[in-house]
Each structure stands twice: as C-alpha cells, then as structure tokens.
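As stored in protein11.pdb (PDB, C-alpha atoms):
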MODEL        1
ATOM      1  CA  MET A   1     196.815-115.576  84.105
ATOM      2  CA  LYS A   2     197.768-115.120  87.723
ATOM      3  CA  PHE A   3     195.278-113.581  90.117
ATOM      4  CA  ILE A   4     195.399-112.576  93.750
ATOM      5  CA  ALA A   5     192.316-112.990  95.920
ATOM      6  CA  GLU A   6     191.757-111.190  99.200
ATOM      7  CA  ILE A   7     189.030-112.843 101.223
ATOM      8  CA  ASN A   8     187.363-111.796 104.477
ATOM      9  CA  VAL A   9     185.424-114.351 106.489
ATOM     10  CA  MET A  10     183.450-112.779 109.328
ATOM     11  CA  PRO A  11     181.113-114.089 112.028
ATOM     12  CA  LEU A  12     177.491-113.372 111.075
ATOM     13  CA  LYS A  13     176.105-110.136 112.520
ATOM     14  CA  ALA A  14     173.368-112.014 114.375
ATOM     15  CA  LEU A  15     175.904-114.039 116.361
ATOM     16  CA  LEU A  16     177.935-113.169 119.420
ATOM     17  CA  ASP A  17     181.641-112.787 118.776
ATOM     18  CA  PRO A  18     183.486-113.652 122.008
ATOM     19  CA  GLN A  19     186.903-112.787 120.551
ATOM     20  CA  GLY A  20     185.638-109.376 119.507
ATOM     21  CA  LYS A  21     184.061-108.828 122.893
ATOM     22  CA  ALA A  22     187.354-109.617 124.629
ATOM     23  CA  VAL A  23     189.195-107.116 122.456
ATOM     24  CA  LYS A  24     186.552-104.471 123.140
ATOM     25  CA  LEU A  25     186.929-104.946 126.907
ATOM     26  CA  ASN A  26     190.701-104.744 126.599
ATOM     27  CA  MET A  27     190.434-101.531 124.626
ATOM     28  CA  HIS A  28     188.161-100.036 127.259
ATOM     29  CA  ASN A  29     190.764-101.041 129.850
ATOM     30  CA  ILE A  30     193.565 -99.193 128.077
ATOM     31  CA  GLY A  31     191.394 -96.092 127.882
ATOM     32  CA  TYR A  32     189.496 -96.294 124.600
ATOM     33  CA  LYS A  33     186.010 -96.202 126.034
ATOM     34  CA  SER A  34     184.446 -95.186 122.774
ATOM     35  CA  VAL A  35     185.234 -98.400 120.919
ATOM     36  CA  GLU A  36     182.175-100.447 119.985
ATOM     37  CA  ASN A  37     181.158-103.328 117.734
ATOM     38  CA  VAL A  38     184.499-105.084 117.540
ATOM     39  CA  ARG A  39     184.223-108.126 115.314
ATOM     40  CA  ILE A  40     187.036-110.483 114.474
ATOM     41  CA  GLY A  41     187.193-112.799 111.500
ATOM     42  CA  LYS A  42     189.753-114.192 109.097
ATOM     43  CA  HIS A  43     191.644-112.460 106.334
ATOM     44  CA  ILE A  44     192.946-114.804 103.649
ATOM     45  CA  THR A  45     195.148-113.978 100.699
ATOM     46  CA  LEU A  46     195.980-116.449  97.960
ATOM     47  CA  GLU A  47     197.314-116.612  94.434
ATOM     48  CA  LEU A  48     195.693-118.687  91.738
ATOM     49  CA  GLU A  49     195.959-119.405  88.056
ATOM     50  CA  ALA A  50     192.773-118.918  86.018
ATOM     51  CA  LYS A  51     191.729-118.340  82.415
ATOM     52  CA  ASN A  52     190.207-114.959  83.182
ATOM     53  CA  LYS A  53     188.782-112.905  86.022
ATOM     54  CA  ASN A  54     185.395-114.580  85.779
ATOM     55  CA  ASP A  55     186.968-118.013  86.033
ATOM     56  CA  ALA A  56     188.992-116.848  89.046
ATOM     57  CA  ASN A  57     185.768-115.567  90.629
ATOM     58  CA  ILE A  58     184.077-118.938  90.286
ATOM     59  CA  LYS A  59     187.059-120.762  91.765
ATOM     60  CA  VAL A  60     187.385-118.435  94.747
ATOM     61  CA  GLU A  61     183.623-118.527  95.373
ATOM     62  CA  GLU A  62     183.702-122.334  95.488
ATOM     63  CA  THR A  63     186.729-122.315  97.783
ATOM     64  CA  CYS A  64     185.009-119.921 100.164
ATOM     65  CA  LYS A  65     181.964-122.172 100.317
ATOM     66  CA  LYS A  66     183.769-125.493 100.569
ATOM     67  CA  ILE A  67     186.817-124.739 102.673
ATOM     68  CA  LEU A  68     187.173-121.255 104.037
ATOM     69  CA  SER A  69     183.840-120.475 105.651
ATOM     70  CA  ASN A  70     181.119-122.180 107.603
ATOM     71  CA  PRO A  71     177.912-120.655 106.188
ATOM     72  CA  ILE A  72     175.952-121.393 109.367
ATOM     73  CA  ILE A  73     178.045-118.990 111.406
ATOM     74  CA  GLU A  74     180.112-116.976 108.918
ATOM     75  CA  SER A  75     179.760-114.772 105.875
ATOM     76  CA  TYR A  76     182.463-114.064 103.316
ATOM     77  CA  GLU A  77     183.393-111.428 100.795
ATOM     78  CA  PHE A  78     186.349-111.207  98.448
ATOM     79  CA  VAL A  79     188.079-109.101  95.836
ATOM     80  CA  ILE A  80     190.208-110.424  92.998
ATOM     81  CA  PHE A  81     192.884-108.571  91.098
ATOM     82  CA  ASN A  82     195.580-109.333  88.556
ATOM     83  CA  LYS A  83     198.968-110.183  89.905
TER      84      LYS A  83
ATOM     85  CA  MET B   1     182.646 -88.228 115.040
ATOM     86  CA  LYS B   2     182.141 -91.918 114.509
ATOM     87  CA  PHE B   3     184.669 -93.856 112.481
ATOM     88  CA  ILE B   4     184.905 -97.420 111.279
ATOM     89  CA  ALA B   5     188.287 -99.125 111.120
ATOM     90  CA  GLU B   6     189.026-102.215 109.062
ATOM     91  CA  ILE B   7     192.223-103.881 110.176
ATOM     92  CA  ASN B   8     194.156-106.802 108.710
ATOM     93  CA  VAL B   9     196.712-108.604 110.837
ATOM     94  CA  MET B  10     198.808-111.061 108.845
ATOM     95  CA  PRO B  11     201.668-113.439 109.634
ATOM     96  CA  LEU B  12     204.977-111.931 108.476
ATOM     97  CA  LYS B  13     206.052-113.018 105.002
ATOM     98  CA  ALA B  14     209.279-114.524 106.345
ATOM     99  CA  LEU B  15     207.383-116.941 108.595
ATOM    100  CA  LEU B  16     205.699-120.238 107.832
ATOM    101  CA  ASP B  17     201.912-120.133 108.023
ATOM    102  CA  PRO B  18     200.690-123.642 108.943
ATOM    103  CA  GLN B  19     197.010-122.682 108.645
ATOM    104  CA  GLY B  20     197.611-121.317 105.165
ATOM    105  CA  LYS B  21     199.555-124.403 104.188
ATOM    106  CA  ALA B  22     196.676-126.649 105.327
ATOM    107  CA  VAL B  23     194.201-124.662 103.246
ATOM    108  CA  LYS B  24     196.511-124.848 100.230
ATOM    109  CA  LEU B  25     196.745-128.642 100.503
ATOM    110  CA  ASN B  26     192.970-128.903 100.841
ATOM    111  CA  MET B  27     192.476-126.775  97.760
ATOM    112  CA  HIS B  28     194.859-128.969  95.797
ATOM    113  CA  ASN B  29     192.839-131.967  96.985
ATOM    114  CA  ILE B  30     189.564-130.567  95.659
ATOM    115  CA  GLY B  31     191.189-129.915  92.308
ATOM    116  CA  TYR B  32     192.621-126.392  92.470
ATOM    117  CA  LYS B  33     196.237-127.303  91.780
ATOM    118  CA  SER B  34     197.165-123.783  90.775
ATOM    119  CA  VAL B  35     196.595-122.203  94.169
ATOM    120  CA  GLU B  36     199.741-120.904  95.833
ATOM    121  CA  ASN B  37     200.834-118.641  98.668
ATOM    122  CA  VAL B  38     197.804-119.018 100.882
ATOM    123  CA  ARG B  39     198.199-116.892 103.972
ATOM    124  CA  ILE B  40     195.684-116.579 106.759
ATOM    125  CA  GLY B  41     195.454-113.762 109.233
ATOM    126  CA  LYS B  42     192.819-111.826 111.127
ATOM    127  CA  HIS B  43     190.324-109.294 109.851
ATOM    128  CA  ILE B  44     189.019-106.936 112.515
ATOM    129  CA  THR B  45     186.321-104.304 112.194
ATOM    130  CA  LEU B  46     185.497-101.820 114.921
ATOM    131  CA  GLU B  47     183.736 -98.536 115.497
ATOM    132  CA  LEU B  48     185.259 -95.724 117.471
ATOM    133  CA  GLU B  49     184.605 -92.152 118.455
ATOM    134  CA  ALA B  50     187.368 -89.664 117.645
ATOM    135  CA  LYS B  51     187.811 -85.909 117.158
ATOM    136  CA  ASN B  52     188.886 -86.321 113.546
ATOM    137  CA  LYS B  53     190.366 -88.822 111.133
ATOM    138  CA  ASN B  54     193.904 -88.155 112.328
ATOM    139  CA  ASP B  55     192.908 -88.790 115.933
ATOM    140  CA  ALA B  56     191.169 -92.011 114.867
ATOM    141  CA  ASN B  57     194.343 -93.049 113.046
ATOM    142  CA  ILE B  58     196.459 -92.602 116.163
ATOM    143  CA  LYS B  59     194.016 -94.576 118.297
ATOM    144  CA  VAL B  60     193.762 -97.466 115.861
ATOM    145  CA  GLU B  61     197.544 -97.549 115.383
ATOM    146  CA  GLU B  62     198.046 -97.821 119.149
ATOM    147  CA  THR B  63     195.391-100.535 119.422
ATOM    148  CA  CYS B  64     197.066-102.537 116.657
ATOM    149  CA  LYS B  65     200.401-102.320 118.446
ATOM    150  CA  LYS B  66     199.157-102.971 121.967
ATOM    151  CA  ILE B  67     196.347-105.481 121.511
ATOM    152  CA  LEU B  68     195.683-106.743 118.036
ATOM    153  CA  SER B  69     199.058-107.802 116.711
ATOM    154  CA  ASN B  70     202.251-109.402 117.892
ATOM    155  CA  PRO B  71     204.968-107.461 116.027
ATOM    156  CA  ILE B  72     207.439-110.344 116.278
ATOM    157  CA  ILE B  73     205.319-112.576 114.063
ATOM    158  CA  GLU B  74     202.656-110.327 112.533
ATOM    159  CA  SER B  75     202.240-107.181 110.485
ATOM    160  CA  TYR B  76     199.130-105.031 110.332
ATOM    161  CA  GLU B  77     197.473-102.556 108.015
ATOM    162  CA  PHE B  78     194.228-100.658 108.353
ATOM    163  CA  VAL B  79     191.853 -98.252 106.683
ATOM    164  CA  ILE B  80     189.561 -95.815 108.453
ATOM    165  CA  PHE B  81     186.401 -94.255 107.112
ATOM    166  CA  ASN B  82     183.532 -92.158 108.420
ATOM    167  CA  LYS B  83     180.529 -94.033 109.656
TER     168      LYS B  83
ENDMDL
END
Final structure tokens representation of the file:
Amino acid sequence: MKFIAEINVMPLKALLDPQGKAVKLNMHNIGYKSVENVRIGKHITLELEAKNKNDANIKVEETCKKILSNPIIESYEFVIFNK
Amino acid sequence: MKFIAEINVMPLKALLDPQGKAVKLNMHNIGYKSVENVRIGKHITLELEAKNKNDANIKVEETCKKILSNPIIESYEFVIFNK
C-alpha cells in the first residue's frame, strides 16, 4: 500500500530561532506589530510503500530519527495517510 | 483576539528539489527503497493579534506573499486557529 507522510521538524521551544526572529522583525517593519513567537522549521512530504499504516508509522519514525531531525535541537511530528 | 497560524511553504511541483532528492537517496541507502517524491519546504508557526479570523487570514496571506515565500519557486498554504 502507498502512504503519504507529512512531517514537521521544528527547533525545540527552549532554543532561540534566529530565522524566526528575523521574520518577526521584518513583519514588525511592514506594520504587523502584533506578531509574536515566529518559529521556522522544515516541512517534509514523502511517499512510501508499506504493508499497513502501522508499518508506515515505524518507517517514518525511524527516518525522522536517523535522517530528518537532530534530536538535540529539533523535535518532529508527523501524520500519515493513504495515497 | 489571538490567533495561531501554521504555514507551509513548499517548492513548486514543477521544480527540482535537491534537498528532497538528497534525503531520498539517504533513505534508499538505509534500506527504505520504496520512498519516493520527497519534498522539503518550510514550516512556520506564528502568533498574531487580529480583530477576527478573516482579518487574521488577510494578514497571514500578505505575510506569506511579502516575506515568507518566493512565488516564482514556492507555493504556500496555511491554517489559522484561535489561541
């Protein structure tokens, strides 16, 4: 079965996010003074073949840990659905 | 009212995505041969103050166009919810 995974990898809340801070400043400059807590991470979509949804879950979890995120500075979350 | 926006900015489908291709190759190397169509973009979360949901929508739309995405190579989508 074909599955699609949508993964978000975000900088941990405890860490500074310079990219997010830059965007916040820019938004203040164009007049949106009320914008706060901008955080910027990665959004990853991929397709994979798996026996079932549980199998797909395990594969995506391992991929997140091994390749897509650095657990020291990032957290991840994902959703999986049938193609 | 306080709103939270979750924004995804992705490379356009018609374009090559070298980062995604690198991740795909890496996944094949660790044994996930069935992974295809890896695409990597940005995931942005932010908080903003707006009169209502419609107002928040307009603000986030403008931010996406002006700051967060490059319409020549990227598309964006977002959801807004109450904080």
Shortest interatomic distance to Lys13 of chain B - which of B:Cys64, B:Ala56, B:Ile40, B:Val35, counting only C-alpha atoms:
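Looking at the shortest contact to Lys13 of chain B, the residue is B:Ile40.
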Can you tell me, as a count of residues only, what residues are no more than 7 Å from Ala5 of chain A when counting only C-alpha atoms, ignoring any on the same chain fewer than 5 positions away?
7
Which residue out of A:Ile72, A:Met1, A:Leu16, A:Ile30 has the minimum interatomic distance to Leu48 of chain A when all atoms listed in the file are used?
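When distances to Leu48 of chain A are compared using all atoms listed in the file, the smallest one comes from A:Met1.
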Give me, as a PyMOL selection string, the residues of chain B touching chain A, with the criterion being at most 10 Å (counting only C-alpha atoms).
chain B and resi 2-10+20+23-24+26-27+30+32-50+59-60+63+66-68
Fitted copy of chain B on chain A, all Cα, as a PDB file with C-alpha atoms, in the frame of the given file:
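Written out: superposed_28.pdb:
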ATOM      1  CA  MET B   1     196.792-115.598  84.112  1.00  0.00           C
ATOM      2  CA  LYS B   2     197.757-115.148  87.720  1.00  0.00           C
ATOM      3  CA  PHE B   3     195.283-113.596  90.114  1.00  0.00           C
ATOM      4  CA  ILE B   4     195.409-112.587  93.743  1.00  0.00           C
ATOM      5  CA  ALA B   5     192.327-112.998  95.911  1.00  0.00           C
ATOM      6  CA  GLU B   6     191.770-111.199  99.195  1.00  0.00           C
ATOM      7  CA  ILE B   7     189.042-112.839 101.221  1.00  0.00           C
ATOM      8  CA  ASN B   8     187.375-111.794 104.468  1.00  0.00           C
ATOM      9  CA  VAL B   9     185.437-114.346 106.476  1.00  0.00           C
ATOM     10  CA  MET B  10     183.467-112.787 109.320  1.00  0.00           C
ATOM     11  CA  PRO B  11     181.129-114.085 112.023  1.00  0.00           C
ATOM     12  CA  LEU B  12     177.504-113.369 111.067  1.00  0.00           C
ATOM     13  CA  LYS B  13     176.124-110.139 112.505  1.00  0.00           C
ATOM     14  CA  ALA B  14     173.376-112.003 114.363  1.00  0.00           C
ATOM     15  CA  LEU B  15     175.904-114.044 116.348  1.00  0.00           C
ATOM     16  CA  LEU B  16     177.932-113.175 119.417  1.00  0.00           C
ATOM     17  CA  ASP B  17     181.651-112.800 118.771  1.00  0.00           C
ATOM     18  CA  PRO B  18     183.494-113.670 122.011  1.00  0.00           C
ATOM     19  CA  GLN B  19     186.914-112.793 120.565  1.00  0.00           C
ATOM     20  CA  GLY B  20     185.636-109.388 119.514  1.00  0.00           C
ATOM     21  CA  LYS B  21     184.050-108.834 122.896  1.00  0.00           C
ATOM     22  CA  ALA B  22     187.360-109.625 124.642  1.00  0.00           C
ATOM     23  CA  VAL B  23     189.198-107.123 122.459  1.00  0.00           C
ATOM     24  CA  LYS B  24     186.541-104.491 123.152  1.00  0.00           C
ATOM     25  CA  LEU B  25     186.910-104.949 126.917  1.00  0.00           C
ATOM     26  CA  ASN B  26     190.692-104.736 126.626  1.00  0.00           C
ATOM     27  CA  MET B  27     190.429-101.532 124.642  1.00  0.00           C
ATOM     28  CA  HIS B  28     188.144-100.033 127.265  1.00  0.00           C
ATOM     29  CA  ASN B  29     190.731-101.030 129.872  1.00  0.00           C
ATOM     30  CA  ILE B  30     193.544 -99.179 128.111  1.00  0.00           C
ATOM     31  CA  GLY B  31     191.387 -96.081 127.900  1.00  0.00           C
ATOM     32  CA  TYR B  32     189.488 -96.311 124.609  1.00  0.00           C
ATOM     33  CA  LYS B  33     185.985 -96.200 126.058  1.00  0.00           C
ATOM     34  CA  SER B  34     184.417 -95.201 122.771  1.00  0.00           C
ATOM     35  CA  VAL B  35     185.218 -98.407 120.922  1.00  0.00           C
ATOM     36  CA  GLU B  36     182.180-100.464 119.977  1.00  0.00           C
ATOM     37  CA  ASN B  37     181.174-103.336 117.719  1.00  0.00           C
ATOM     38  CA  VAL B  38     184.507-105.091 117.532  1.00  0.00           C
ATOM     39  CA  ARG B  39     184.240-108.117 115.296  1.00  0.00           C
ATOM     40  CA  ILE B  40     187.047-110.487 114.464  1.00  0.00           C
ATOM     41  CA  GLY B  41     187.204-112.784 111.496  1.00  0.00           C
ATOM     42  CA  LYS B  42     189.764-114.188 109.097  1.00  0.00           C
ATOM     43  CA  HIS B  43     191.654-112.456 106.324  1.00  0.00           C
ATOM     44  CA  ILE B  44     192.958-114.801 103.647  1.00  0.00           C
ATOM     45  CA  THR B  45     195.166-113.979 100.688  1.00  0.00           C
ATOM     46  CA  LEU B  46     195.989-116.451  97.951  1.00  0.00           C
ATOM     47  CA  GLU B  47     197.310-116.628  94.423  1.00  0.00           C
ATOM     48  CA  LEU B  48     195.681-118.690  91.736  1.00  0.00           C
ATOM     49  CA  GLU B  49     195.933-119.421  88.055  1.00  0.00           C
ATOM     50  CA  ALA B  50     192.747-118.928  86.033  1.00  0.00           C
ATOM     51  CA  LYS B  51     191.691-118.361  82.414  1.00  0.00           C
ATOM     52  CA  ASN B  52     190.192-114.967  83.193  1.00  0.00           C
ATOM     53  CA  LYS B  53     188.773-112.902  86.020  1.00  0.00           C
ATOM     54  CA  ASN B  54     185.379-114.579  85.783  1.00  0.00           C
ATOM     55  CA  ASP B  55     186.954-118.020  86.050  1.00  0.00           C
ATOM     56  CA  ALA B  56     188.982-116.840  89.055  1.00  0.00           C
ATOM     57  CA  ASN B  57     185.772-115.551  90.637  1.00  0.00           C
ATOM     58  CA  ILE B  58     184.072-118.926  90.300  1.00  0.00           C
ATOM     59  CA  LYS B  59     187.054-120.753  91.778  1.00  0.00           C
ATOM     60  CA  VAL B  60     187.387-118.425  94.748  1.00  0.00           C
ATOM     61  CA  GLU B  61     183.629-118.515  95.389  1.00  0.00           C
ATOM     62  CA  GLU B  62     183.707-122.322  95.497  1.00  0.00           C
ATOM     63  CA  THR B  63     186.745-122.309  97.791  1.00  0.00           C
ATOM     64  CA  CYS B  64     185.012-119.905 100.173  1.00  0.00           C
ATOM     65  CA  LYS B  65     181.966-122.157 100.316  1.00  0.00           C
ATOM     66  CA  LYS B  66     183.774-125.479 100.569  1.00  0.00           C
ATOM     67  CA  ILE B  67     186.831-124.714 102.684  1.00  0.00           C
ATOM     68  CA  LEU B  68     187.180-121.233 104.051  1.00  0.00           C
ATOM     69  CA  SER B  69     183.846-120.465 105.652  1.00  0.00           C
ATOM     70  CA  ASN B  70     181.122-122.169 107.608  1.00  0.00           C
ATOM     71  CA  PRO B  71     177.913-120.649 106.185  1.00  0.00           C
ATOM     72  CA  ILE B  72     175.955-121.378 109.365  1.00  0.00           C
ATOM     73  CA  ILE B  73     178.049-118.967 111.410  1.00  0.00           C
ATOM     74  CA  GLU B  74     180.109-116.970 108.908  1.00  0.00           C
ATOM     75  CA  SER B  75     179.765-114.758 105.866  1.00  0.00           C
ATOM     76  CA  TYR B  76     182.471-114.060 103.315  1.00  0.00           C
ATOM     77  CA  GLU B  77     183.403-111.426 100.779  1.00  0.00           C
ATOM     78  CA  PHE B  78     186.348-111.204  98.428  1.00  0.00           C
ATOM     79  CA  VAL B  79     188.084-109.105  95.820  1.00  0.00           C
ATOM     80  CA  ILE B  80     190.217-110.417  92.982  1.00  0.00           C
ATOM     81  CA  PHE B  81     192.892-108.562  91.080  1.00  0.00           C
ATOM     82  CA  ASN B  82     195.576-109.346  88.526  1.00  0.00           C
ATOM     83  CA  LYS B  83     198.966-110.200  89.882  1.00  0.00           C
TER      84      LYS B  83
END
Using the file's own x, y and z axes, what box holds all listed atoms of segment 9-27 of chain A with 5 Å on each side, keeping edges along x, y and z, and what are its centre and edge lengths in Å to one decimal, as AutoDock Vina command-line options?
--center_x 182.0 --center_y -107.9 --center_z 116.7 --size_x 27.3 --size_y 22.8 --size_z 30.4
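Between atom CA of Glu74 of chain B and atom CA of Tyr76 of chain A the separation is 22.5 Å.
Relative to atom CA of Gln19 of chain B, atom CA of Ser69 of chain A is found at 13.7 Å.
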For segment 35-46 of chain B, which lacks atoms in the input, supply all heavy atoms and format the output as a compact mmCIF listing (two decimals), in the coordinates of the input.
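Everything below was put into selection.txt:
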# COMPACT_ATOMS: atom_id res chain seq x y z
N VAL B 35 196.61 -123.15 93.05
CA VAL B 35 196.60 -122.20 94.17
C VAL B 35 197.93 -122.20 94.91
O VAL B 35 198.48 -123.25 95.22
CB VAL B 35 195.44 -122.54 95.14
CG1 VAL B 35 195.53 -121.71 96.39
CG2 VAL B 35 194.11 -122.33 94.45
N GLU B 36 198.46 -121.03 95.14
CA GLU B 36 199.74 -120.90 95.83
C GLU B 36 199.67 -119.77 96.86
O GLU B 36 198.77 -118.95 96.81
CB GLU B 36 200.86 -120.57 94.83
CG GLU B 36 201.16 -121.67 93.81
CD GLU B 36 201.65 -122.96 94.46
OE1 GLU B 36 202.23 -122.90 95.55
OE2 GLU B 36 201.41 -124.04 93.86
N ASN B 37 200.68 -119.75 97.72
CA ASN B 37 200.83 -118.64 98.67
C ASN B 37 199.58 -118.29 99.45
O ASN B 37 199.17 -117.14 99.50
CB ASN B 37 201.30 -117.38 97.93
CG ASN B 37 202.74 -117.50 97.49
OD1 ASN B 37 203.52 -118.22 98.12
ND2 ASN B 37 203.09 -116.81 96.43
N VAL B 38 198.97 -119.30 100.04
CA VAL B 38 197.80 -119.02 100.88
C VAL B 38 198.30 -118.53 102.24
O VAL B 38 199.13 -119.19 102.86
CB VAL B 38 196.93 -120.28 101.07
CG1 VAL B 38 195.69 -119.94 101.89
CG2 VAL B 38 196.54 -120.87 99.74
N ARG B 39 197.82 -117.39 102.65
CA ARG B 39 198.20 -116.89 103.97
C ARG B 39 196.94 -116.47 104.72
O ARG B 39 196.05 -115.84 104.16
CB ARG B 39 199.18 -115.72 103.86
CG ARG B 39 200.50 -116.16 103.24
CD ARG B 39 201.59 -115.12 103.35
NE ARG B 39 202.23 -115.10 104.67
CZ ARG B 39 203.12 -116.01 105.08
NH1 ARG B 39 203.46 -117.02 104.33
NH2 ARG B 39 203.67 -115.90 106.27
N ILE B 40 196.90 -116.83 105.98
CA ILE B 40 195.68 -116.58 106.76
C ILE B 40 196.01 -115.73 107.97
O ILE B 40 196.90 -116.06 108.76
CB ILE B 40 195.02 -117.91 107.18
CG1 ILE B 40 194.68 -118.70 105.91
CG2 ILE B 40 193.78 -117.65 108.03
CD1 ILE B 40 193.87 -119.94 106.15
N GLY B 41 195.29 -114.64 108.09
CA GLY B 41 195.45 -113.76 109.23
C GLY B 41 194.10 -113.39 109.80
O GLY B 41 193.11 -114.08 109.58
N LYS B 42 194.07 -112.27 110.50
CA LYS B 42 192.82 -111.83 111.13
C LYS B 42 192.29 -110.58 110.42
O LYS B 42 193.05 -109.74 109.97
CB LYS B 42 193.06 -111.48 112.60
CG LYS B 42 193.22 -112.68 113.48
CD LYS B 42 193.58 -112.27 114.91
CE LYS B 42 195.02 -111.80 115.01
NZ LYS B 42 195.47 -111.50 116.37
N HIS B 43 190.97 -110.51 110.35
CA HIS B 43 190.32 -109.29 109.85
C HIS B 43 189.46 -108.75 110.99
O HIS B 43 188.61 -109.46 111.52
CB HIS B 43 189.46 -109.61 108.63
CG HIS B 43 188.80 -108.41 108.04
ND1 HIS B 43 189.52 -107.43 107.39
CD2 HIS B 43 187.51 -108.00 108.02
CE1 HIS B 43 188.68 -106.48 106.98
NE2 HIS B 43 187.46 -106.80 107.35
N ILE B 44 189.72 -107.51 111.36
CA ILE B 44 189.02 -106.94 112.52
C ILE B 44 188.29 -105.67 112.07
O ILE B 44 188.88 -104.82 111.40
CB ILE B 44 190.04 -106.58 113.63
CG1 ILE B 44 190.76 -107.84 114.08
CG2 ILE B 44 189.33 -105.91 114.82
CD1 ILE B 44 192.23 -107.66 114.26
N THR B 45 187.03 -105.56 112.43
CA THR B 45 186.32 -104.30 112.19
C THR B 45 185.89 -103.74 113.55
O THR B 45 185.54 -104.49 114.46
CB THR B 45 185.06 -104.49 111.33
OG1 THR B 45 184.16 -105.36 112.00
CG2 THR B 45 185.39 -105.08 109.97
N LEU B 46 185.96 -102.43 113.68
CA LEU B 46 185.50 -101.82 114.92
C LEU B 46 185.02 -100.39 114.66
O LEU B 46 185.38 -99.79 113.65
CB LEU B 46 186.59 -101.85 116.00
CG LEU B 46 187.95 -101.24 115.69
CD1 LEU B 46 187.96 -99.76 116.01
CD2 LEU B 46 189.02 -101.94 116.52
